[in-house]
$ cat upload-v2.cif   # mmCIF, C-alpha atoms
data_upload
loop_
_atom_site.label_atom_id
_atom_site.label_comp_id
_atom_site.auth_asym_id
_atom_site.auth_seq_id
_atom_site.Cartn_x
_atom_site.Cartn_y
_atom_site.Cartn_z
CA MET A 15 11.35 19.04 -0.13
CA LEU A 16 12.09 16.42 -2.75
CA MET A 17 8.59 16.02 -4.08
CA GLN A 18 5.23 17.67 -3.85
CA ALA A 19 2.06 15.69 -3.51
CA THR A 20 -0.17 16.69 -6.40
CA LEU A 21 -3.73 16.02 -7.35
CA ASN A 22 -4.99 15.80 -10.87
CA ALA A 23 -7.62 18.42 -10.23
CA ALA A 24 -5.86 21.54 -9.08
CA VAL A 25 -8.45 23.00 -6.74
CA ALA A 26 -9.33 21.22 -3.50
CA PRO A 27 -12.86 21.82 -2.23
CA ALA A 28 -13.09 24.32 0.59
CA TYR A 29 -14.58 22.55 3.59
CA SER A 30 -16.09 24.28 6.58
CA PRO A 31 -13.92 24.14 9.75
CA GLU A 32 -16.28 21.49 11.18
CA VAL A 33 -16.01 19.20 8.16
CA ARG A 34 -12.26 19.79 8.03
CA GLN A 35 -12.00 18.65 11.65
CA LEU A 36 -14.10 15.54 10.93
CA LEU A 37 -11.88 14.71 7.95
CA PHE A 38 -8.71 15.30 9.94
CA ASP A 39 -9.87 12.94 12.72
CA TYR A 40 -10.91 10.33 10.19
CA VAL A 41 -7.78 10.47 8.04
CA LEU A 42 -5.72 10.11 11.23
CA GLN A 43 -7.78 7.02 12.09
CA LEU A 44 -6.98 5.46 8.72
CA ALA A 45 -3.31 6.43 8.98
CA ASP A 46 -2.97 5.08 12.54
CA THR A 47 -4.59 1.83 11.40
CA SER A 48 -2.18 1.11 8.57
CA LEU A 49 0.80 2.37 10.60
CA LEU A 50 0.07 0.00 13.47
CA LEU A 51 -0.68 -3.05 11.32
CA GLY A 52 2.35 -2.33 9.15
CA HIS A 53 4.49 -2.11 12.26
CA ARG A 54 3.09 -5.36 13.64
CA LEU A 55 3.88 -7.13 10.36
CA SER A 56 7.38 -5.68 10.29
CA GLU A 57 8.00 -7.40 13.64
CA TRP A 58 8.00 -10.66 11.66
CA CYS A 59 10.98 -9.54 9.58
CA GLY A 60 13.66 -12.20 9.98
CA HIS A 61 11.29 -14.46 11.96
CA GLY A 62 8.90 -15.69 9.24
CA PRO A 63 8.20 -19.43 9.06
CA ILE A 64 10.00 -19.66 5.70
CA LEU A 65 11.92 -17.11 3.68
CA GLU A 66 9.18 -16.54 1.08
CA GLN A 67 6.56 -15.83 3.74
CA ASP A 68 8.96 -13.62 5.65
CA LEU A 69 9.28 -11.60 2.42
CA ALA A 70 5.51 -11.59 1.89
CA LEU A 71 4.91 -10.18 5.39
CA ALA A 72 7.56 -7.49 4.88
CA ASN A 73 6.10 -6.60 1.46
CA ILE A 74 2.62 -6.18 2.90
CA ALA A 75 4.06 -4.09 5.75
CA LEU A 76 5.78 -1.84 3.20
CA ASP A 77 2.58 -1.31 1.19
CA LEU A 78 0.76 -0.37 4.38
CA LEU A 79 3.52 2.04 5.33
CA GLY A 80 3.25 3.68 1.91
CA GLU A 81 -0.48 4.15 2.40
CA THR A 82 0.21 5.45 5.93
CA ARG A 83 2.52 8.17 4.62
CA SER A 84 0.01 9.42 2.04
CA LEU A 85 -2.65 9.57 4.75
CA TYR A 86 -0.53 11.37 7.37
CA GLN A 87 0.62 13.88 4.72
CA TYR A 88 -2.99 14.61 3.88
CA ALA A 89 -3.92 14.82 7.59
CA ALA A 90 -1.10 17.33 8.15
CA GLU A 91 -2.39 19.40 5.25
CA LEU A 92 -5.95 19.31 6.61
CA GLU A 93 -4.77 20.39 10.04
CA GLY A 94 -2.67 23.22 8.61
CA ARG A 95 -0.61 23.71 11.76
CA ARG A 96 2.77 22.81 10.33
CA ARG A 97 2.83 19.39 11.95
CA THR A 98 4.50 16.91 9.58
CA GLU A 99 3.72 13.28 8.83
CA ASP A 100 6.50 12.33 11.28
CA ASP A 101 5.04 14.48 14.07
CA LEU A 102 1.67 12.80 13.60
CA ALA A 103 3.13 9.28 13.53
CA PHE A 104 5.67 9.61 16.30
CA LEU A 105 4.73 12.41 18.68
CA ARG A 106 1.19 11.60 19.84
CA VAL A 107 0.20 9.75 23.01
CA ALA A 108 -1.58 6.38 23.03
CA THR A 109 -5.04 7.78 23.83
CA ASP A 110 -4.83 10.01 20.71
CA TYR A 111 -4.41 7.02 18.39
CA ARG A 112 -7.61 6.09 16.56
CA ASN A 113 -6.79 2.64 15.16
CA PRO A 114 -9.27 -0.19 15.77
CA LEU A 115 -8.22 -2.73 18.42
CA LEU A 116 -7.70 -5.49 15.85
CA VAL A 117 -4.51 -4.06 14.34
CA GLU A 118 -2.71 -3.56 17.66
CA GLN A 119 -3.19 -7.20 18.69
CA PRO A 120 0.12 -9.08 19.03
CA ASN A 121 1.37 -11.26 16.20
CA GLY A 122 0.96 -14.49 18.19
CA ASP A 123 1.81 -17.50 16.05
CA PHE A 124 1.55 -17.47 12.24
CA ALA A 125 -2.14 -18.48 12.43
CA HIS A 126 -2.94 -15.45 14.61
CA THR A 127 -1.17 -13.16 12.14
CA VAL A 128 -3.04 -14.73 9.22
CA VAL A 129 -6.46 -14.40 10.87
CA ARG A 130 -5.79 -10.79 11.94
CA GLN A 131 -4.64 -10.02 8.40
CA PHE A 132 -7.60 -11.70 6.73
CA LEU A 133 -10.13 -9.82 8.88
CA PHE A 134 -8.37 -6.56 8.07
CA ASP A 135 -7.74 -7.26 4.37
CA ASN A 136 -11.34 -8.26 3.72
CA PHE A 137 -12.50 -4.92 5.12
CA HIS A 138 -9.60 -2.91 3.67
CA TYR A 139 -9.92 -4.16 0.08
CA HIS A 140 -13.70 -3.86 -0.18
CA PHE A 141 -13.72 -0.54 1.67
CA LEU A 142 -11.02 0.97 -0.60
CA GLN A 143 -12.98 -0.10 -3.65
CA GLN A 144 -15.85 2.07 -2.42
CA LEU A 145 -13.62 4.92 -1.24
CA GLN A 146 -12.31 5.35 -4.78
CA THR A 147 -15.58 7.05 -5.67
CA SER A 148 -15.48 9.50 -2.74
CA PRO A 149 -16.03 13.12 -3.81
CA ASN A 150 -12.96 13.89 -1.68
CA GLU A 151 -10.24 13.62 -4.31
CA HIS A 152 -7.40 13.09 -1.83
CA LEU A 153 -9.07 10.04 -0.31
CA ALA A 154 -10.19 8.77 -3.71
CA ALA A 155 -6.62 8.99 -5.07
CA ILE A 156 -5.12 7.22 -2.05
CA ALA A 157 -7.79 4.51 -2.34
CA GLU A 158 -7.21 4.06 -6.08
CA LYS A 159 -3.51 3.55 -5.39
CA SER A 160 -3.83 1.25 -2.38
CA VAL A 161 -6.70 -0.94 -3.54
CA LYS A 162 -4.45 -2.66 -6.10
CA GLU A 163 -2.00 -3.55 -3.36
CA ALA A 164 -4.78 -4.59 -0.98
CA ALA A 165 -6.03 -7.09 -3.59
CA TYR A 166 -2.72 -8.97 -3.38
CA HIS A 167 -2.87 -8.82 0.44
CA LEU A 168 -6.36 -10.28 0.54
CA LYS A 169 -5.43 -13.05 -1.85
CA TRP A 170 -2.43 -13.90 0.37
CA SER A 171 -4.36 -14.00 3.66
CA ALA A 172 -7.40 -15.79 2.18
CA GLU A 173 -5.20 -18.53 0.73
CA TRP A 174 -3.47 -18.99 4.08
CA ILE A 175 -6.84 -19.24 5.87
CA ILE A 176 -7.66 -22.10 3.49
CA ARG A 177 -4.26 -23.80 3.85
CA LEU A 178 -4.34 -23.66 7.65
CA GLY A 179 -8.05 -24.49 8.03
CA ASP A 180 -7.99 -27.38 5.60
CA GLY A 181 -4.40 -28.38 6.42
CA THR A 182 -3.03 -30.59 9.18
CA GLU A 183 -4.50 -31.35 12.58
CA GLU A 184 -2.08 -28.90 14.16
CA SER A 185 -2.70 -26.07 11.68
CA ARG A 186 -6.43 -26.54 12.23
CA GLN A 187 -6.09 -26.35 16.02
CA ARG A 188 -4.01 -23.22 15.75
CA ILE A 189 -6.32 -21.39 13.38
CA ASP A 190 -9.37 -22.35 15.47
CA LYS A 191 -7.66 -20.81 18.46
CA ALA A 192 -6.72 -17.66 16.54
CA ILE A 193 -10.27 -17.23 15.24
CA SER A 194 -11.79 -17.58 18.70
CA LYS A 195 -9.36 -15.01 20.04
CA LEU A 196 -9.55 -12.41 17.26
CA TRP A 197 -13.10 -12.55 15.88
CA ARG A 198 -14.42 -10.21 18.56
CA TYR A 199 -12.32 -7.40 17.08
CA ALA A 200 -13.66 -7.65 13.51
CA GLY A 201 -16.94 -5.85 14.23
CA GLU A 202 -15.22 -2.61 15.20
CA LEU A 203 -14.08 -2.11 11.60
CA THR A 204 -17.66 -1.69 10.41
CA THR A 205 -19.16 -0.04 13.51
CA PRO A 206 -19.14 3.69 12.73
CA THR A 207 -17.99 6.18 15.33
CA PRO A 208 -19.81 9.54 15.51
CA THR A 209 -17.08 10.96 13.24
CA GLU A 210 -17.54 8.22 10.66
CA LYS A 211 -21.32 8.52 10.88
CA ALA A 212 -21.14 12.25 10.18
CA LEU A 213 -18.83 11.72 7.18
CA GLN A 214 -21.07 8.94 5.87
CA ASP A 215 -24.07 11.28 6.13
CA LEU A 216 -22.11 13.83 4.10
CA GLY A 217 -21.43 11.13 1.50
CA LEU A 218 -17.65 11.53 1.85
CA ILE A 219 -16.89 7.96 2.98
CA PRO A 220 -18.54 4.60 2.24
CA ASN A 221 -21.50 3.37 4.21
CA TYR A 222 -20.52 0.32 6.27
CA THR A 223 -24.04 -1.12 6.44
CA ALA A 224 -24.05 -1.39 2.67
CA LEU A 225 -20.57 -2.93 2.73
CA GLN A 226 -21.35 -5.62 5.31
CA PRO A 227 -23.04 -8.18 3.00
CA THR A 228 -20.00 -8.14 0.69
CA LEU A 229 -17.65 -8.76 3.63
CA ASP A 230 -19.85 -11.55 5.02
CA ALA A 231 -20.14 -13.22 1.63
CA TYR A 232 -16.38 -13.28 1.15
CA VAL A 233 -15.80 -14.71 4.65
CA ALA A 234 -18.41 -17.38 3.92
CA GLN A 235 -16.76 -18.28 0.62
CA VAL A 236 -13.23 -18.53 2.04
CA PHE A 237 -14.27 -20.30 5.24
CA ALA A 238 -16.30 -22.86 3.27
CA GLU A 239 -13.23 -23.73 1.25
CA ALA A 240 -11.16 -23.83 4.46
CA THR A 241 -13.78 -26.19 6.02
CA LEU A 242 -14.04 -23.71 8.90
CA PRO A 243 -17.36 -22.76 10.52
CA VAL A 244 -18.06 -19.00 10.46
CA PRO A 245 -18.29 -17.85 14.09
CA GLN A 246 -21.82 -16.78 15.02
CA GLN A 247 -23.05 -14.21 17.53
CA ILE A 248 -19.76 -13.15 19.04
CA ALA A 249 -19.82 -9.99 21.17
CA VAL A 250 -18.07 -7.10 19.44
CA GLN A 251 -15.19 -5.44 21.25
CA LEU A 252 -15.10 -1.69 20.54
CA GLY A 253 -12.93 1.18 21.73
CA GLY A 254 -9.78 1.70 19.67
CA LYS A 255 -11.34 4.03 17.11
CA GLN A 256 -12.29 6.31 20.01
CA GLY A 257 -8.94 6.13 21.78
CA ARG A 258 -9.70 3.35 24.28
CA HIS A 259 -6.93 0.86 23.59
CA SER A 260 -5.65 -2.44 24.88
CA GLU A 261 -2.44 -2.51 26.90
CA HIS A 262 -0.60 -3.64 23.74
CA LEU A 263 -0.62 -0.21 22.09
CA GLY A 264 1.60 1.41 24.72
CA TYR A 265 4.29 -1.21 24.17
CA ILE A 266 4.21 -0.77 20.38
CA LEU A 267 4.44 3.01 20.70
CA ALA A 268 7.34 2.74 23.13
CA GLU A 269 9.30 0.95 20.43
CA LEU A 270 7.93 2.91 17.46
CA GLN A 271 8.47 6.34 19.01
CA TYR A 272 11.72 5.70 20.84
CA MET A 273 14.03 7.36 18.31
CA GLN A 274 11.95 10.52 17.80
CA ARG A 275 11.43 10.92 21.54
CA THR A 276 15.10 10.41 22.32
CA TYR A 277 16.48 12.48 19.45
CA PRO A 278 13.71 14.99 18.61
CA GLY A 279 13.62 15.98 14.95
CA MET A 280 16.02 13.21 13.98
CA GLN A 281 16.05 12.34 10.27
CA TRP A 282 17.59 9.42 8.43
CA MET B 1 6.61 35.07 -28.48
CA ASN B 2 6.81 32.37 -31.14
CA GLU B 3 10.47 32.03 -30.35
CA LEU B 4 9.65 31.50 -26.66
CA ILE B 5 7.12 28.79 -27.47
CA ALA B 6 9.55 27.11 -29.83
CA ASN B 7 12.23 27.28 -27.15
CA SER B 8 10.00 25.79 -24.51
CA GLN B 9 9.00 23.00 -26.91
CA GLN B 10 12.65 22.30 -27.59
CA LEU B 11 13.40 22.33 -23.87
CA THR B 12 10.55 19.92 -23.15
CA ALA B 13 11.83 17.54 -25.82
CA LYS B 14 15.34 17.82 -24.37
CA ILE B 15 14.06 17.04 -20.87
CA TRP B 16 12.27 13.92 -22.11
CA GLN B 17 15.59 12.83 -23.62
CA LEU B 18 17.40 13.43 -20.33
CA LEU B 19 14.78 11.49 -18.40
CA GLU B 20 15.46 8.48 -20.64
CA GLU B 21 18.92 8.44 -19.04
CA VAL B 22 17.56 8.16 -15.47
CA SER B 23 17.24 4.53 -14.50
CA ASP B 24 15.15 2.79 -11.89
CA PRO B 25 17.49 2.14 -8.92
CA GLU B 26 15.96 -1.28 -8.23
CA VAL B 27 15.78 -2.52 -11.81
CA PRO B 28 18.68 -0.52 -13.33
CA VAL B 29 18.10 -1.96 -16.79
CA LEU B 30 14.87 0.08 -17.04
CA SER B 31 14.75 3.83 -17.52
CA ILE B 32 12.04 5.69 -15.65
CA LEU B 33 10.37 6.23 -19.04
CA ASP B 34 10.34 2.48 -19.76
CA LEU B 35 8.69 2.03 -16.38
CA GLY B 36 5.98 4.55 -17.23
CA ILE B 37 6.29 6.53 -14.00
CA VAL B 38 6.89 9.94 -15.64
CA ARG B 39 3.40 11.30 -16.25
CA GLY B 40 4.18 14.74 -17.57
CA VAL B 41 6.73 17.45 -18.27
CA ARG B 42 5.65 21.05 -18.58
CA ILE B 43 7.23 24.44 -18.41
CA ALA B 44 5.47 27.36 -16.75
CA ASP B 45 6.88 30.72 -15.66
CA ASN B 46 10.45 29.70 -16.41
CA GLU B 47 10.14 26.66 -14.20
CA VAL B 48 10.15 22.99 -15.14
CA HIS B 49 7.43 20.80 -13.62
CA ILE B 50 7.83 17.04 -13.79
CA THR B 51 5.07 14.77 -12.56
CA ILE B 52 5.94 11.25 -11.46
CA THR B 53 3.84 8.50 -9.92
CA PRO B 54 4.96 5.67 -7.60
CA THR B 55 4.73 2.08 -8.80
CA TYR B 56 3.70 0.95 -5.30
CA SER B 57 2.70 3.36 -2.53
CA GLY B 58 5.58 2.20 -0.31
CA CYS B 59 8.16 2.25 -3.10
CA PRO B 60 11.38 3.26 -1.32
CA ALA B 61 13.01 4.28 -4.62
CA MET B 62 10.86 7.38 -5.16
CA ASN B 63 13.16 9.77 -3.30
CA THR B 64 16.20 8.37 -5.10
CA ILE B 65 14.44 8.77 -8.43
CA ALA B 66 13.51 12.39 -7.63
CA THR B 67 17.13 13.09 -6.66
CA GLU B 68 18.45 11.45 -9.83
CA ILE B 69 16.11 13.56 -11.97
CA ARG B 70 17.32 16.73 -10.23
CA LEU B 71 20.96 15.80 -10.68
CA ARG B 72 20.55 14.88 -14.34
CA LEU B 73 18.80 18.17 -15.13
CA LEU B 74 21.21 20.17 -13.00
CA ALA B 75 24.10 18.77 -15.05
CA GLU B 76 22.50 20.52 -18.04
CA GLY B 77 22.06 23.74 -16.10
CA ILE B 78 18.34 23.28 -15.37
CA SER B 79 17.87 24.10 -11.70
CA LYS B 80 14.38 25.59 -11.47
CA LEU B 81 12.48 22.38 -11.11
CA THR B 82 9.50 21.11 -9.15
CA ILE B 83 8.81 17.40 -9.01
CA HIS B 84 5.21 16.47 -8.35
CA ASN B 85 4.21 13.12 -6.89
CA GLN B 86 0.81 12.11 -8.24
CA LEU B 87 -1.18 9.08 -7.02
CA SER B 88 -4.08 9.15 -9.48
CA PRO B 89 -4.42 7.66 -12.04
CA ALA B 90 -2.68 4.77 -10.29
CA TRP B 91 0.37 3.28 -12.00
CA THR B 92 -0.22 0.06 -13.89
CA THR B 93 2.14 -2.39 -15.58
CA GLN B 94 0.24 -1.57 -18.78
CA TRP B 95 2.39 1.58 -18.86
CA LEU B 96 5.59 -0.46 -19.19
CA SER B 97 6.97 0.24 -22.65
CA GLN B 98 7.50 -2.54 -25.18
CA ALA B 99 11.24 -1.76 -25.08
CA GLY B 100 11.06 -2.02 -21.29
CA ARG B 101 9.45 -5.46 -21.48
CA GLU B 102 12.20 -6.67 -23.80
CA LYS B 103 14.92 -5.23 -21.55
CA LEU B 104 13.37 -6.97 -18.53
CA ALA B 105 13.35 -10.37 -20.24
CA ALA B 106 16.96 -9.93 -21.42
CA TYR B 107 17.91 -9.01 -17.82
CA GLY B 108 16.40 -12.25 -16.47
CA ILE B 109 13.11 -10.86 -15.12
CA ALA B 110 9.96 -12.19 -16.77
CA PRO B 111 7.82 -9.23 -17.96
CA PRO B 112 4.13 -9.06 -16.94
CA GLN B 113 1.83 -11.34 -18.92
CA ASN B 114 -1.72 -10.45 -19.86
CA ASP B 115 -1.75 -7.37 -17.65
CA THR B 116 -4.81 -5.86 -19.23
CA ALA B 117 -6.93 -8.21 -17.10
CA MET B 118 -6.33 -7.77 -13.38
CA GLY B 119 -9.35 -9.91 -12.54
CA HIS B 120 -7.24 -12.94 -11.76
CA VAL B 121 -5.68 -11.28 -8.73
CA LEU B 122 -8.42 -12.34 -6.36
CA LYS B 123 -8.90 -15.79 -7.86
CA LEU B 124 -7.68 -17.92 -4.98
CA PHE B 125 -4.82 -20.23 -5.89
CA GLY B 126 -5.30 -19.05 -9.46
CA GLN B 127 -2.29 -17.91 -11.45
CA ASP B 128 -1.48 -15.53 -14.21
CA THR B 129 -1.43 -16.92 -17.70
CA ALA B 130 1.70 -19.04 -18.19
CA VAL B 131 4.82 -17.08 -17.29
CA PRO B 132 7.69 -18.04 -19.59
CA CYS B 133 11.09 -18.69 -17.97
CA PRO B 134 13.43 -15.82 -19.00
CA LEU B 135 16.33 -18.28 -19.17
CA CYS B 136 15.04 -21.24 -21.21
CA ASN B 137 11.68 -19.83 -22.46
CA SER B 138 9.75 -22.83 -21.13
CA THR B 139 6.22 -21.99 -20.03
CA ASN B 140 6.29 -24.94 -17.63
CA THR B 141 6.85 -22.77 -14.57
CA HIS B 142 5.23 -22.35 -11.15
CA LEU B 143 4.58 -19.52 -8.70
CA VAL B 144 6.64 -19.71 -5.52
CA SER B 145 5.36 -16.50 -3.92
CA GLN B 146 3.39 -13.44 -5.03
CA PHE B 147 5.84 -11.34 -3.00
CA GLY B 148 9.48 -11.12 -4.02
CA SER B 149 12.61 -9.06 -3.43
CA THR B 150 10.86 -5.80 -4.34
CA SER B 151 7.17 -4.80 -4.30
CA CYS B 152 6.82 -5.11 -8.07
CA LYS B 153 8.08 -8.69 -8.35
CA ALA B 154 6.81 -12.20 -7.64
CA LEU B 155 8.98 -15.30 -7.30
CA TYR B 156 8.69 -18.11 -9.84
CA GLN B 157 10.57 -21.30 -10.60
CA CYS B 158 11.02 -23.06 -13.92
CA ASN B 159 10.00 -26.74 -13.83
CA ASP B 160 12.28 -27.57 -16.77
CA CYS B 161 15.60 -25.81 -16.14
CA ARG B 162 14.83 -25.60 -12.37
CA GLU B 163 16.07 -22.01 -12.15
CA PRO B 164 14.20 -19.65 -9.81
CA PHE B 165 13.40 -16.29 -11.40
CA ASP B 166 11.72 -12.96 -10.75
CA TYR B 167 8.44 -12.09 -12.43
CA PHE B 168 7.39 -8.45 -12.81
CA LYS B 169 3.83 -8.99 -11.63
CA CYS B 170 0.70 -7.48 -13.11
CA HIS B 171 -0.49 -4.36 -11.39
#
$ encode --input "upload-v2.cif" --output "structure tokens"
Amino acid sequence: MLMQATLNAAVAPAYSPEVRQLLFDYVLQLADTSLLLGHRLSEWCGHGPILEQDLALANIALDLLGETRSLYQYAAELEGRRRTEDDLAFLRVATDYRNPLLVEQPNGDFAHTVVRQFLFDNFHYHFLQQLQTSPNEHLAAIAEKSVKEAAYHLKWSAEWIIRLGDGTEESRQRIDKAISKLWRYAGELTTPTPTEKALQDLGLIPNYTALQPTLDAYVAQVFAEATLPVPQQIAVQLGGKQGRHSEHLGYILAELQYMQRTYPGMQW
Amino acid sequence: MNELIANSQQLTAKIWQLLEEVSDPEVPVLSILDLGIVRGVRIADNEVHITITPTYSGCPAMNTIATEIRLRLLAEGISKLTIHNQLSPAWTTQWLSQAGREKLAAYGIAPPQNDTAMGHVLKLFGQDTAVPCPLCNSTNTHLVSQFGSTSCKALYQCNDCREPFDYFKCH
């Protein structure tokens, strides 16, 4: 092993088996989420509308992958069954993935990617800010690291929402279409599953109800500048965080897992 | 006992010197000490422990840096070594040394400006305080993209000499 992950405080709290299981499930959910979105963004590599934006998408994908690795490493430690970060990322079946539906949605055109990213970044940035104060030092450390990167992501996607919304007739049509297609998936991010509810009750992760006004206010601010109306009363599509996925996930996993499935244990 | 302590102090000082010779693979003009990613060196039970922190969580250079540290110490006969990767406190450009900032500018990468205030990051379409062009020193420059050839850099262009340049962005 080249490096050892180390916390500032030497002693990790001893959780009961039940809490350990809740944390394992939840950390996997976070890891799956950034893995899938990072992978989606990496599909743009070499296809971005202009070179600088191609680089931006690849940079954001790389940050998410870095966060993913920290999370899977922690999940593997929590599980304590000698599975590695690679086993968790590459050797699980689609119904075991716990990412929300939003992040597995296809890239579509640039407007679809921007809207998907903005909905995620708005949650991700504000959520990580709260997670930094979690009494779980692993999660707090990962959040402290990733929130600085997430700030640059949110700035990028918010500015593109404004450029496309308040841009040309075509950019406006495209972003309207992307919003009407993707908005239904935003609510899942802040709808707690039983696992999340239990961890919120234990005070280990942020409370989404308290987070919601911040998210809504930021959407309102950015959409006002983009001259876009904020969609009202759209039914929320749930399922991904509990393993009920869209057909898209299977196709992503087929590509993502191909090498490990074909050459088990392969390393670069 | 006193001799042991003196020896371990000498060894620690020696290791810090050796680490100065390990450079960042992506910005080779900077040593890992200039970059501020070495957070501690200690010796316990005849083993050296070095703690490093990534600049960005996806930084692909971390494994290379760990290998380079091992090789540099091994060349001096130090083989009992554990390298710890620590996320918190999170790396910040405020840890870039003054020498590092000067080396960056001489290398053609504008060093971070005003990085004690990160508040500007979320200011939409807002920019850092004027970033001087590392080639002609003009502050009449503009941001091309917050994301450049590596995670730690943004792309800028000088409005006077027209040269594009990298900016080591605030973090």
$ closest_residue --input "upload-v2.cif" --among "B:Gln86, B:Thr53, B:Thr64, B:Asn159" --to "chain A" --atoms "all atoms listed in the file"
B:Gln86
$ closest_residue --input "upload-v2.cif" --among "A:Lys159, A:His53, A:Arg177, A:Arg83" --to "chain B" --atoms "only C-alpha atoms"
A:Lys159
$ resolve_selection --input "upload-v2.cif" --expression "the PyMOL selection byres ((chain A) within 8 of (chain B))" --output "PyMOL selection string"
chain A and resi 16-22+66-67+69-70+73+76-81+155-156+158-160+162-163+165-166+168-170+172-173
$ resolve_selection --input "upload-v2.cif" --expression "the PyMOL selection byres ((chain B and resi 17) around 12)" --output "ChimeraX atom specification"
/B:10-16,18-22,31-33,41,69,72-73,76
$ atom_distance --input "upload-v2.cif" --atom1 "atom CA of Leu145 of chain A" --atom2 "atom CA of Ser171 of chain A"
21.6 Å
$ closest_residue --input "upload-v2.cif" --among "A:Leu203, A:Leu71, A:Ile189, A:Leu225" --to "Gln143 of chain A" --atoms "all atoms listed in the file"
A:Leu225
$ build_atoms --input "upload-v2.cif" --residues "segment 229-240 of chain A" --atoms "N, CA, C and O atoms" --output "mmCIF file, in the coordinates of the input"
data_model
loop_
_atom_site.group_PDB
_atom_site.id
_atom_site.type_symbol
_atom_site.label_atom_id
_atom_site.label_comp_id
_atom_site.auth_asym_id
_atom_site.auth_seq_id
_atom_site.Cartn_x
_atom_site.Cartn_y
_atom_site.Cartn_z
ATOM 1 N N LEU A 229 -18.670 -8.204 2.725
ATOM 2 C CA LEU A 229 -17.650 -8.760 3.630
ATOM 3 C C LEU A 229 -18.074 -10.142 4.111
ATOM 4 O O LEU A 229 -17.280 -11.091 4.113
ATOM 5 N N ASP A 230 -19.351 -10.271 4.514
ATOM 6 C CA ASP A 230 -19.850 -11.550 5.020
ATOM 7 C C ASP A 230 -19.788 -12.627 3.943
ATOM 8 O O ASP A 230 -19.431 -13.774 4.219
ATOM 9 N N ALA A 231 -20.133 -12.235 2.713
ATOM 10 C CA ALA A 231 -20.140 -13.220 1.630
ATOM 11 C C ALA A 231 -18.728 -13.724 1.360
ATOM 12 O O ALA A 231 -18.520 -14.926 1.112
ATOM 13 N N TYR A 232 -17.755 -12.834 1.426
ATOM 14 C CA TYR A 232 -16.380 -13.280 1.150
ATOM 15 C C TYR A 232 -15.866 -14.187 2.268
ATOM 16 O O TYR A 232 -15.216 -15.200 2.010
ATOM 17 N N VAL A 233 -16.175 -13.838 3.518
ATOM 18 C CA VAL A 233 -15.800 -14.710 4.650
ATOM 19 C C VAL A 233 -16.424 -16.088 4.445
ATOM 20 O O VAL A 233 -15.750 -17.115 4.580
ATOM 21 N N ALA A 234 -17.711 -16.100 4.093
ATOM 22 C CA ALA A 234 -18.410 -17.380 3.920
ATOM 23 C C ALA A 234 -17.743 -18.211 2.837
ATOM 24 O O ALA A 234 -17.531 -19.425 3.001
ATOM 25 N N GLN A 235 -17.381 -17.567 1.746
ATOM 26 C CA GLN A 235 -16.760 -18.280 0.620
ATOM 27 C C GLN A 235 -15.406 -18.886 1.022
ATOM 28 O O GLN A 235 -15.139 -20.069 0.793
ATOM 29 N N VAL A 236 -14.576 -18.068 1.662
ATOM 30 C CA VAL A 236 -13.230 -18.530 2.040
ATOM 31 C C VAL A 236 -13.301 -19.579 3.146
ATOM 32 O O VAL A 236 -12.620 -20.609 3.101
ATOM 33 N N PHE A 237 -14.166 -19.350 4.128
ATOM 34 C CA PHE A 237 -14.270 -20.300 5.240
ATOM 35 C C PHE A 237 -14.840 -21.640 4.760
ATOM 36 O O PHE A 237 -14.463 -22.692 5.271
ATOM 37 N N ALA A 238 -15.750 -21.601 3.785
ATOM 38 C CA ALA A 238 -16.300 -22.860 3.270
ATOM 39 C C ALA A 238 -15.175 -23.682 2.652
ATOM 40 O O ALA A 238 -15.054 -24.887 2.904
ATOM 41 N N GLU A 239 -14.319 -23.012 1.886
ATOM 42 C CA GLU A 239 -13.230 -23.730 1.250
ATOM 43 C C GLU A 239 -12.206 -24.207 2.290
ATOM 44 O O GLU A 239 -11.537 -25.219 2.096
ATOM 45 N N ALA A 240 -12.108 -23.469 3.388
ATOM 46 C CA ALA A 240 -11.160 -23.830 4.460
ATOM 47 C C ALA A 240 -11.760 -24.864 5.407
ATOM 48 O O ALA A 240 -11.096 -25.268 6.365
#
